[in-house]
$ cat final16.pdb   # PDB, C-alpha atoms, pLDDT in the B column
ATOM      1  CA  MET A   1      26.791 -15.409   9.735  1.00 61.00           C
ATOM      2  CA  LYS A   2      26.288 -15.826   5.983  1.00 65.00           C
ATOM      3  CA  THR A   3      23.370 -18.231   6.515  1.00 70.00           C
ATOM      4  CA  CYS A   4      21.958 -15.806   9.051  1.00 89.00           C
ATOM      5  CA  LYS A   5      22.189 -12.974   6.499  1.00 91.00           C
ATOM      6  CA  LYS A   6      20.559 -15.116   3.812  1.00 93.00           C
ATOM      7  CA  HIS A   7      17.734 -15.980   6.202  1.00 94.00           C
ATOM      8  CA  PHE A   8      17.280 -12.308   7.069  1.00 95.00           C
ATOM      9  CA  VAL A   9      17.200 -11.236   3.410  1.00 96.00           C
ATOM     10  CA  LYS A  10      14.607 -13.916   2.662  1.00 95.00           C
ATOM     11  CA  ILE A  11      12.397 -12.631   5.504  1.00 95.00           C
ATOM     12  CA  ILE A  12      12.685  -9.049   4.269  1.00 96.00           C
ATOM     13  CA  GLU A  13      11.908 -10.071   0.694  1.00 94.00           C
ATOM     14  CA  GLU A  14       8.799 -11.903   1.842  1.00 94.00           C
ATOM     15  CA  HIS A  15       7.574  -9.123   4.142  1.00 94.00           C
ATOM     16  CA  GLN A  16       8.735  -6.066   2.217  1.00 94.00           C
ATOM     17  CA  GLY A  17       5.119  -5.114   1.548  1.00 94.00           C
ATOM     18  CA  ILE A  18       4.776  -3.999   5.182  1.00 96.00           C
ATOM     19  CA  ILE A  19       7.892  -1.815   4.996  1.00 96.00           C
ATOM     20  CA  ASN A  20       6.990  -0.316   1.614  1.00 95.00           C
ATOM     21  CA  ASN A  21       3.460   0.437   2.752  1.00 95.00           C
ATOM     22  CA  LEU A  22       4.583   2.189   5.936  1.00 96.00           C
ATOM     23  CA  CYS A  23       7.226   4.220   4.103  1.00 95.00           C
ATOM     24  CA  ALA A  24       4.687   5.286   1.455  1.00 94.00           C
ATOM     25  CA  ILE A  25       2.213   6.369   4.147  1.00 94.00           C
ATOM     26  CA  TYR A  26       4.735   8.507   6.020  1.00 95.00           C
ATOM     27  CA  TYR A  27       6.812   9.787   3.090  1.00 94.00           C
ATOM     28  CA  LYS A  28       5.473  11.105  -0.201  1.00 89.00           C
ATOM     29  CA  ASN A  29       8.878  12.057  -1.592  1.00 91.00           C
ATOM     30  CA  ILE A  30      10.431   9.033  -3.347  1.00 91.00           C
ATOM     31  CA  GLU A  31      13.961   9.802  -2.136  1.00 93.00           C
ATOM     32  CA  ASP A  32      12.851  10.069   1.504  1.00 94.00           C
ATOM     33  CA  LEU A  33      10.813   6.908   1.048  1.00 93.00           C
ATOM     34  CA  HIS A  34      13.872   4.953  -0.160  1.00 93.00           C
ATOM     35  CA  ASP A  35      16.115   6.410   2.576  1.00 95.00           C
ATOM     36  CA  THR A  36      13.583   5.462   5.218  1.00 96.00           C
ATOM     37  CA  ARG A  37      13.229   1.954   3.817  1.00 96.00           C
ATOM     38  CA  GLN A  38      17.000   1.542   4.023  1.00 96.00           C
ATOM     39  CA  ASP A  39      17.015   2.827   7.637  1.00 96.00           C
ATOM     40  CA  ILE A  40      14.290   0.341   8.543  1.00 97.00           C
ATOM     41  CA  ILE A  41      16.077  -2.608   6.916  1.00 97.00           C
ATOM     42  CA  LEU A  42      19.305  -1.735   8.728  1.00 96.00           C
ATOM     43  CA  GLN A  43      17.456  -1.382  12.046  1.00 96.00           C
ATOM     44  CA  LEU A  44      15.809  -4.750  11.454  1.00 97.00           C
ATOM     45  CA  TRP A  45      19.207  -6.291  10.707  1.00 95.00           C
ATOM     46  CA  LYS A  46      20.579  -4.797  13.945  1.00 94.00           C
ATOM     47  CA  ALA A  47      17.618  -6.183  15.885  1.00 94.00           C
ATOM     48  CA  PHE A  48      17.648  -9.538  14.101  1.00 94.00           C
ATOM     49  CA  PRO A  49      19.951 -11.381  16.578  1.00 91.00           C
ATOM     50  CA  SER A  50      17.544 -10.602  19.420  1.00 89.00           C
ATOM     51  CA  PHE A  51      14.436 -11.556  17.447  1.00 89.00           C
ATOM     52  CA  ARG A  52      12.673 -14.481  19.072  1.00 80.00           C
ATOM     53  CA  ALA A  53      10.261 -16.524  17.024  1.00 76.00           C
ATOM     54  CA  GLU A  54       7.751 -16.206  19.903  1.00 77.00           C
ATOM     55  CA  SER A  55       6.174 -13.239  18.142  1.00 83.00           C
ATOM     56  CA  LYS A  56       5.073 -13.233  14.525  1.00 92.00           C
ATOM     57  CA  VAL A  57       7.612 -11.970  11.995  1.00 95.00           C
ATOM     58  CA  SER A  58       5.105  -9.409  10.722  1.00 96.00           C
ATOM     59  CA  THR A  59       4.554  -8.075  14.271  1.00 96.00           C
ATOM     60  CA  TRP A  60       8.308  -7.716  14.764  1.00 96.00           C
ATOM     61  CA  ILE A  61       8.627  -5.922  11.416  1.00 97.00           C
ATOM     62  CA  TYR A  62       5.735  -3.560  12.243  1.00 97.00           C
ATOM     63  CA  LYS A  63       7.256  -2.791  15.639  1.00 97.00           C
ATOM     64  CA  VAL A  64      10.790  -2.045  14.411  1.00 97.00           C
ATOM     65  CA  SER A  65       9.588  -0.211  11.285  1.00 98.00           C
ATOM     66  CA  LEU A  66       7.093   2.047  13.053  1.00 98.00           C
ATOM     67  CA  ASN A  67       9.519   2.903  15.830  1.00 97.00           C
ATOM     68  CA  THR A  68      12.233   3.696  13.270  1.00 98.00           C
ATOM     69  CA  ILE A  69       9.851   5.966  11.362  1.00 98.00           C
ATOM     70  CA  LEU A  70       8.533   7.679  14.504  1.00 97.00           C
ATOM     71  CA  SER A  71      11.992   8.427  15.855  1.00 97.00           C
ATOM     72  CA  LYS A  72      13.111   9.658  12.413  1.00 96.00           C
ATOM     73  CA  LYS A  73      10.026  11.907  12.263  1.00 96.00           C
ATOM     74  CA  ARG A  74      10.684  13.254  15.777  1.00 95.00           C
ATOM     75  CA  LYS A  75      14.255  14.073  14.735  1.00 94.00           C
ATOM     76  CA  GLU A  76      13.024  15.781  11.545  1.00 93.00           C
ATOM     77  CA  ASN A  77      10.444  17.770  13.503  1.00 90.00           C
ATOM     78  CA  ARG A  78      13.138  18.966  15.901  1.00 89.00           C
ATOM     79  CA  GLN A  79      15.268  20.042  12.948  1.00 85.00           C
ATOM     80  CA  GLY A  80      12.260  21.536  11.180  1.00 82.00           C
ATOM     81  CA  LYS A  81      12.841  19.230   8.210  1.00 73.00           C
ATOM     82  CA  SER A  82       9.507  17.459   8.251  1.00 64.00           C
ATOM     83  CA  GLU A  83       7.461  17.219   5.044  1.00 61.00           C
ATOM     84  CA  PRO A  84       4.491  19.570   5.225  1.00 52.00           C
ATOM     85  CA  MET A  85       1.558  17.615   6.598  1.00 48.00           C
ATOM     86  CA  GLU A  86      -1.149  17.116   4.021  1.00 44.00           C
ATOM     87  CA  MET A  87      -3.897  18.936   5.805  1.00 39.00           C
ATOM     88  CA  VAL A  88      -7.204  18.097   4.210  1.00 36.00           C
ATOM     89  CA  THR A  89      -9.947  20.473   5.112  1.00 37.00           C
ATOM     90  CA  ASN A  90     -13.540  19.453   5.638  1.00 38.00           C
ATOM     91  CA  ASN A  91     -14.471  21.173   2.409  1.00 39.00           C
ATOM     92  CA  GLU A  92     -12.062  19.023   0.487  1.00 40.00           C
ATOM     93  CA  PHE A  93     -13.725  15.985   1.997  1.00 36.00           C
ATOM     94  CA  ILE A  94     -17.158  17.251   1.128  1.00 36.00           C
ATOM     95  CA  ASN A  95     -16.053  17.810  -2.420  1.00 41.00           C
ATOM     96  CA  GLN A  96     -15.344  14.120  -2.746  1.00 41.00           C
ATOM     97  CA  GLN A  97     -17.855  11.949  -4.571  1.00 38.00           C
ATOM     98  CA  VAL A  98     -20.693  10.919  -2.296  1.00 40.00           C
ATOM     99  CA  SER A  99     -21.327   7.599  -3.953  1.00 43.00           C
ATOM    100  CA  PHE A 100     -18.518   5.411  -2.722  1.00 47.00           C
ATOM    101  CA  SER A 101     -16.636   3.271  -5.139  1.00 55.00           C
ATOM    102  CA  PHE A 102     -13.520   1.349  -4.182  1.00 55.00           C
ATOM    103  CA  ASP A 103     -11.338   4.130  -5.561  1.00 67.00           C
ATOM    104  CA  ASP A 104     -13.195   6.804  -3.591  1.00 73.00           C
ATOM    105  CA  ASN A 105     -12.826   4.831  -0.376  1.00 77.00           C
ATOM    106  CA  LEU A 106      -9.150   4.388  -1.074  1.00 83.00           C
ATOM    107  CA  GLN A 107      -8.621   8.069  -1.747  1.00 82.00           C
ATOM    108  CA  LEU A 108     -10.580   9.052   1.348  1.00 81.00           C
ATOM    109  CA  LEU A 109      -8.673   6.683   3.579  1.00 85.00           C
ATOM    110  CA  ASN A 110      -5.399   7.946   2.145  1.00 84.00           C
ATOM    111  CA  GLN A 111      -6.393  11.541   2.848  1.00 83.00           C
ATOM    112  CA  LEU A 112      -7.720  10.749   6.303  1.00 84.00           C
ATOM    113  CA  ILE A 113      -4.489   9.048   7.309  1.00 88.00           C
ATOM    114  CA  ALA A 114      -2.527  12.014   5.949  1.00 88.00           C
ATOM    115  CA  THR A 115      -4.345  14.382   8.342  1.00 87.00           C
ATOM    116  CA  LEU A 116      -3.363  12.372  11.429  1.00 91.00           C
ATOM    117  CA  LYS A 117      -0.350  12.998  13.668  1.00 93.00           C
ATOM    118  CA  ASP A 118       2.544  10.556  13.282  1.00 96.00           C
ATOM    119  CA  THR A 119       1.729   8.422  16.350  1.00 96.00           C
ATOM    120  CA  ASP A 120      -1.991   8.432  15.522  1.00 95.00           C
ATOM    121  CA  LYS A 121      -1.135   7.209  12.025  1.00 95.00           C
ATOM    122  CA  ALA A 122       0.750   4.290  13.570  1.00 97.00           C
ATOM    123  CA  ILE A 123      -2.255   3.496  15.784  1.00 96.00           C
ATOM    124  CA  ILE A 124      -4.787   3.488  12.947  1.00 94.00           C
ATOM    125  CA  ILE A 125      -2.429   1.373  10.801  1.00 95.00           C
ATOM    126  CA  LEU A 126      -2.080  -1.231  13.548  1.00 97.00           C
ATOM    127  CA  PHE A 127      -5.837  -1.092  14.222  1.00 95.00           C
ATOM    128  CA  LEU A 128      -6.557  -1.737  10.540  1.00 94.00           C
ATOM    129  CA  GLU A 129      -4.095  -4.635  10.680  1.00 95.00           C
ATOM    130  CA  GLY A 130      -6.211  -6.144  13.465  1.00 94.00           C
ATOM    131  CA  TYR A 131      -3.924  -5.595  16.459  1.00 96.00           C
ATOM    132  CA  LYS A 132      -5.455  -5.282  19.939  1.00 97.00           C
ATOM    133  CA  ASN A 133      -4.895  -2.130  22.026  1.00 97.00           C
ATOM    134  CA  LYS A 134      -2.536  -3.964  24.381  1.00 97.00           C
ATOM    135  CA  GLU A 135      -0.423  -5.230  21.479  1.00 97.00           C
ATOM    136  CA  MET A 136      -0.302  -1.753  19.928  1.00 97.00           C
ATOM    137  CA  ALA A 137       0.798  -0.285  23.267  1.00 97.00           C
ATOM    138  CA  GLU A 138       3.608  -2.818  23.564  1.00 96.00           C
ATOM    139  CA  MET A 139       4.726  -2.226  19.992  1.00 96.00           C
ATOM    140  CA  LEU A 140       4.758   1.575  20.269  1.00 97.00           C
ATOM    141  CA  GLY A 141       6.030   1.807  23.837  1.00 96.00           C
ATOM    142  CA  ILE A 142       3.015   3.725  25.149  1.00 96.00           C
ATOM    143  CA  THR A 143       0.310   2.794  27.650  1.00 97.00           C
ATOM    144  CA  THR A 144      -2.832   0.879  26.717  1.00 97.00           C
ATOM    145  CA  THR A 145      -4.916   3.775  28.067  1.00 97.00           C
ATOM    146  CA  ASN A 146      -3.082   6.151  25.754  1.00 97.00           C
ATOM    147  CA  VAL A 147      -3.800   3.855  22.786  1.00 97.00           C
ATOM    148  CA  SER A 148      -7.511   3.574  23.714  1.00 97.00           C
ATOM    149  CA  THR A 149      -7.880   7.331  24.134  1.00 97.00           C
ATOM    150  CA  ARG A 150      -6.126   8.103  20.862  1.00 95.00           C
ATOM    151  CA  LEU A 151      -8.012   5.383  18.978  1.00 94.00           C
ATOM    152  CA  ASN A 152     -11.389   6.622  20.228  1.00 94.00           C
ATOM    153  CA  ARG A 153     -10.488  10.151  19.182  1.00 92.00           C
ATOM    154  CA  ILE A 154      -9.385   8.981  15.728  1.00 89.00           C
ATOM    155  CA  LYS A 155     -12.576   6.935  15.290  1.00 86.00           C
ATOM    156  CA  THR A 156     -14.728   9.911  16.296  1.00 88.00           C
ATOM    157  CA  VAL A 157     -12.930  12.147  13.807  1.00 83.00           C
ATOM    158  CA  LEU A 158     -13.276   9.532  11.050  1.00 78.00           C
ATOM    159  CA  LYS A 159     -16.973   9.055  11.775  1.00 79.00           C
ATOM    160  CA  GLU A 160     -17.598  12.812  11.658  1.00 81.00           C
ATOM    161  CA  LYS A 161     -15.727  13.184   8.378  1.00 75.00           C
ATOM    162  CA  PHE A 162     -17.609  10.328   6.757  1.00 71.00           C
ATOM    163  CA  LYS A 163     -20.946  11.542   8.114  1.00 72.00           C
ATOM    164  CA  MET A 164     -20.258  14.947   6.599  1.00 72.00           C
ATOM    165  CA  ILE A 165     -19.528  13.375   3.250  1.00 65.00           C
ATOM    166  CA  SER A 166     -22.519  11.032   3.361  1.00 61.00           C
ATOM    167  CA  TYR A 167     -24.975  13.793   4.199  1.00 62.00           C
ATOM    168  CA  GLY A 168     -23.144  16.377   2.118  1.00 58.00           C
ATOM    169  CA  ALA A 169     -23.187  18.688   5.159  1.00 49.00           C
TER     170      ALA A 169
ATOM    171  CA  MET B   1     -17.773   4.392   5.094  1.00 54.00           C
ATOM    172  CA  GLU B   2     -18.468   1.464   7.401  1.00 59.00           C
ATOM    173  CA  PRO B   3     -15.662  -0.517   9.102  1.00 61.00           C
ATOM    174  CA  ASP B   4     -15.899  -3.126   6.342  1.00 68.00           C
ATOM    175  CA  HIS B   5     -15.341  -0.461   3.704  1.00 72.00           C
ATOM    176  CA  LEU B   6     -12.472   0.906   5.752  1.00 81.00           C
ATOM    177  CA  LYS B   7     -10.842  -2.524   5.855  1.00 84.00           C
ATOM    178  CA  SER B   8     -11.234  -3.101   2.125  1.00 87.00           C
ATOM    179  CA  ALA B   9      -9.894   0.382   1.412  1.00 88.00           C
ATOM    180  CA  TRP B  10      -6.949  -0.448   3.663  1.00 91.00           C
ATOM    181  CA  GLU B  11      -6.237  -3.627   1.697  1.00 91.00           C
ATOM    182  CA  MET B  12      -6.379  -1.582  -1.529  1.00 89.00           C
ATOM    183  CA  LEU B  13      -4.035   1.015  -0.067  1.00 89.00           C
ATOM    184  CA  LYS B  14      -1.558  -1.701   0.884  1.00 90.00           C
ATOM    185  CA  LEU B  15      -1.672  -3.098  -2.641  1.00 88.00           C
ATOM    186  CA  GLN B  16      -1.136   0.361  -4.092  1.00 85.00           C
ATOM    187  CA  ASN B  17       1.857   1.009  -1.852  1.00 84.00           C
ATOM    188  CA  THR B  18       3.740  -2.160  -2.702  1.00 77.00           C
ATOM    189  CA  GLN B  19       5.018  -0.907  -6.054  1.00 75.00           C
ATOM    190  CA  HIS B  20       8.447   0.028  -4.709  1.00 74.00           C
ATOM    191  CA  HIS B  21       9.748  -3.522  -4.932  1.00 83.00           C
ATOM    192  CA  ILE B  22      13.247  -4.341  -3.713  1.00 88.00           C
ATOM    193  CA  ASN B  23      15.060  -7.609  -4.485  1.00 91.00           C
ATOM    194  CA  GLY B  24      17.388  -9.779  -2.420  1.00 92.00           C
ATOM    195  CA  GLU B  25      20.517  -8.498  -4.164  1.00 93.00           C
ATOM    196  CA  GLN B  26      19.653  -4.920  -3.217  1.00 93.00           C
ATOM    197  CA  ILE B  27      19.097  -5.929   0.409  1.00 93.00           C
ATOM    198  CA  PHE B  28      22.451  -7.761   0.505  1.00 93.00           C
ATOM    199  CA  ALA B  29      24.119  -4.682  -0.999  1.00 93.00           C
ATOM    200  CA  MET B  30      22.552  -2.470   1.689  1.00 92.00           C
ATOM    201  CA  LEU B  31      23.865  -4.690   4.490  1.00 92.00           C
ATOM    202  CA  ASP B  32      27.331  -4.969   2.916  1.00 91.00           C
ATOM    203  CA  GLU B  33      27.491  -1.224   2.418  1.00 89.00           C
ATOM    204  CA  GLN B  34      26.717  -0.646   6.072  1.00 84.00           C
ATOM    205  CA  GLU B  35      29.302  -3.198   7.204  1.00 82.00           C
ATOM    206  CA  ASN B  36      31.946  -1.491   5.072  1.00 81.00           C
ATOM    207  CA  SER B  37      31.009   2.008   6.147  1.00 74.00           C
ATOM    208  CA  PRO B  38      33.785   3.987   7.948  1.00 68.00           C
ATOM    209  CA  VAL B  39      31.690   4.290  11.136  1.00 68.00           C
ATOM    210  CA  PHE B  40      31.069   0.552  11.249  1.00 66.00           C
ATOM    211  CA  SER B  41      34.743  -0.224  10.531  1.00 65.00           C
ATOM    212  CA  THR B  42      35.870   2.140  13.298  1.00 74.00           C
ATOM    213  CA  LEU B  43      33.455   0.493  15.706  1.00 72.00           C
ATOM    214  CA  LYS B  44      34.779  -2.931  14.681  1.00 71.00           C
ATOM    215  CA  ILE B  45      38.389  -1.841  15.262  1.00 77.00           C
ATOM    216  CA  LEU B  46      37.417  -0.305  18.614  1.00 80.00           C
ATOM    217  CA  ALA B  47      35.622  -3.489  19.685  1.00 81.00           C
ATOM    218  CA  ASN B  48      38.637  -5.608  18.693  1.00 81.00           C
ATOM    219  CA  THR B  49      41.003  -3.301  20.602  1.00 83.00           C
ATOM    220  CA  VAL B  50      38.849  -3.509  23.731  1.00 86.00           C
ATOM    221  CA  LEU B  51      38.710  -7.288  23.376  1.00 85.00           C
ATOM    222  CA  LEU B  52      42.489  -7.501  23.005  1.00 85.00           C
ATOM    223  CA  PHE B  53      42.930  -5.286  26.050  1.00 85.00           C
ATOM    224  CA  VAL B  54      40.611  -7.482  28.124  1.00 86.00           C
ATOM    225  CA  ILE B  55      42.439 -10.642  26.995  1.00 85.00           C
ATOM    226  CA  MET B  56      45.793  -9.059  27.931  1.00 85.00           C
ATOM    227  CA  LEU B  57      44.456  -8.113  31.365  1.00 85.00           C
ATOM    228  CA  CYS B  58      43.142 -11.639  31.883  1.00 85.00           C
ATOM    229  CA  CYS B  59      46.500 -13.127  30.855  1.00 85.00           C
ATOM    230  CA  GLN B  60      48.375 -10.848  33.258  1.00 82.00           C
ATOM    231  CA  GLY B  61      45.943 -11.678  36.034  1.00 73.00           C
ATOM    232  CA  GLY B  62      46.376 -15.416  35.471  1.00 61.00           C
TER     233      GLY B  62
END
$ encode --input "final16.pdb" --output "C-alpha cells"
Amino acid sequence: MKTCKKHFVKIIEEHQGIINNLCAIYYKNIEDLHDTRQDIILQLWKAFPSFRAESKVSTWIYKVSLNTILSKKRKENRQGKSEPMEMVTNNEFINQQVSFSFDDNLQLLNQLIATLKDTDKAIIILFLEGYKNKEMAEMLGITTTNVSTRLNRIKTVLKEKFKMISYGA
Amino acid sequence: MEPDHLKSAWEMLKLQNTQHHINGEQIFAMLDEQENSPVFSTLKILANTVLLFVIMLCCQGG
C-alpha cells in the first residue's frame, strides 16, 4: 500500500502541470483553485487501483480531472455558487491589439476559453492537446456526434472572433 | 490566429498556469488527511463490521 502510494505521488508530481492548468482555466479564485486541485488528486487516488496502463497516464489524468471539474461545476450551478462567467464581448475582442504577438495570442486564447460553456471548454482543451473526437467522447462520457457538433460550433465562433479582430470589423 | 498560433498560445497558457506547484509531501499530506477524516474512518469501521458479519455467517454455515 505504501509503495502504491509512493508510486501514485510520483505520478502526480510528474503530471501536476495538467491538473494545475485545468484548475486555473476553470477557477480564477486561488482558494477554489486549490480546493479543486485537492478534489482532483483525491479522485485520482480513488481511481488509481482501477487504472490500467493500457491508456496513457496523461489521458487518465485528463479524464478524471475534467470529469471531477465538470461534476463540481454542475453542482455549483445547481446551488447557484458558480463564479460569474467571464463574458467577453465582441467589442472587447476588437479592442485587442491587431498585430499578434505571443502575449496577445495568449491573452486572446485565455479570453476565448473563458467565454465557453464548461463542457465546451473541456472539448477545446482536449482538441488543443491533440485528442481525436472519439477519444474526447470516451473521456467526457458523451457521443462522438455531440463532440463533433460542439467542436465545429466552437471553431466557427473562434474563426469569427479572430476574423473580426484581424479586419478590425 | 491560425491553428499554429492557437497551438503555440495553448503551450504558453499551459506554461503560465503551472505556477501553482505542489510537492510530494503536500500530496502525501492530502491523502493522509483524507484517510484520517471522520467520514473515511466511519466507512472503514462499517466495512470491517460488514466483513466480520459475513465471516461469522460463513462460520455458522460451515
$ closest_residue --input "final16.pdb" --among "A:Asn29, A:Arg74, A:Gln16, A:Asp35" --to "Val57 of chain A" --atoms "all atoms listed in the file"
A:Gln16
$ residues_around --input "final16.pdb" --residues "Ile19 of chain A" --least-positions-apart "5" --cutoff "9 Å" --atoms "all atoms listed in the file" --output "list in words"
Ile12, Ala24, Arg37, Ile40, Ile41, Ile61, Tyr62, Ser65 and Leu66 of chain A; Thr18 of chain B
$ resolve_selection --input "final16.pdb" --expression "the PyMOL selection byres ((chain B) within 9 of (chain A))" --output "VMD selection string"
chain B and resid 1 to 2 5 to 25 27 to 28 30 to 31 34
$ atom_distance --input "final16.pdb" --atom1 "atom CA of Leu51 of chain B" --atom2 "atom CA of His7 of chain A"
28.5 Å
$ resolve_selection --input "final16.pdb" --expression "the PyMOL selection byres ((chain A and resi 133-137) around 9)" --output "count of residues only"
19
$ atom_distance --input "final16.pdb" --atom1 "atom CA of Leu46 of chain B" --atom2 "atom CA of Ile69 of chain A"
29.2 Å
$ closest_residue --input "final16.pdb" --among "A:Arg153, A:Lys121, A:Lys81, A:His15" --to "Ser58 of chain A" --atoms "only C-alpha atoms"
A:His15
$ atom_distance --input "final16.pdb" --atom1 "atom CA of Asn77 of chain A" --atom2 "atom CA of Glu33 of chain B"
27.8 Å
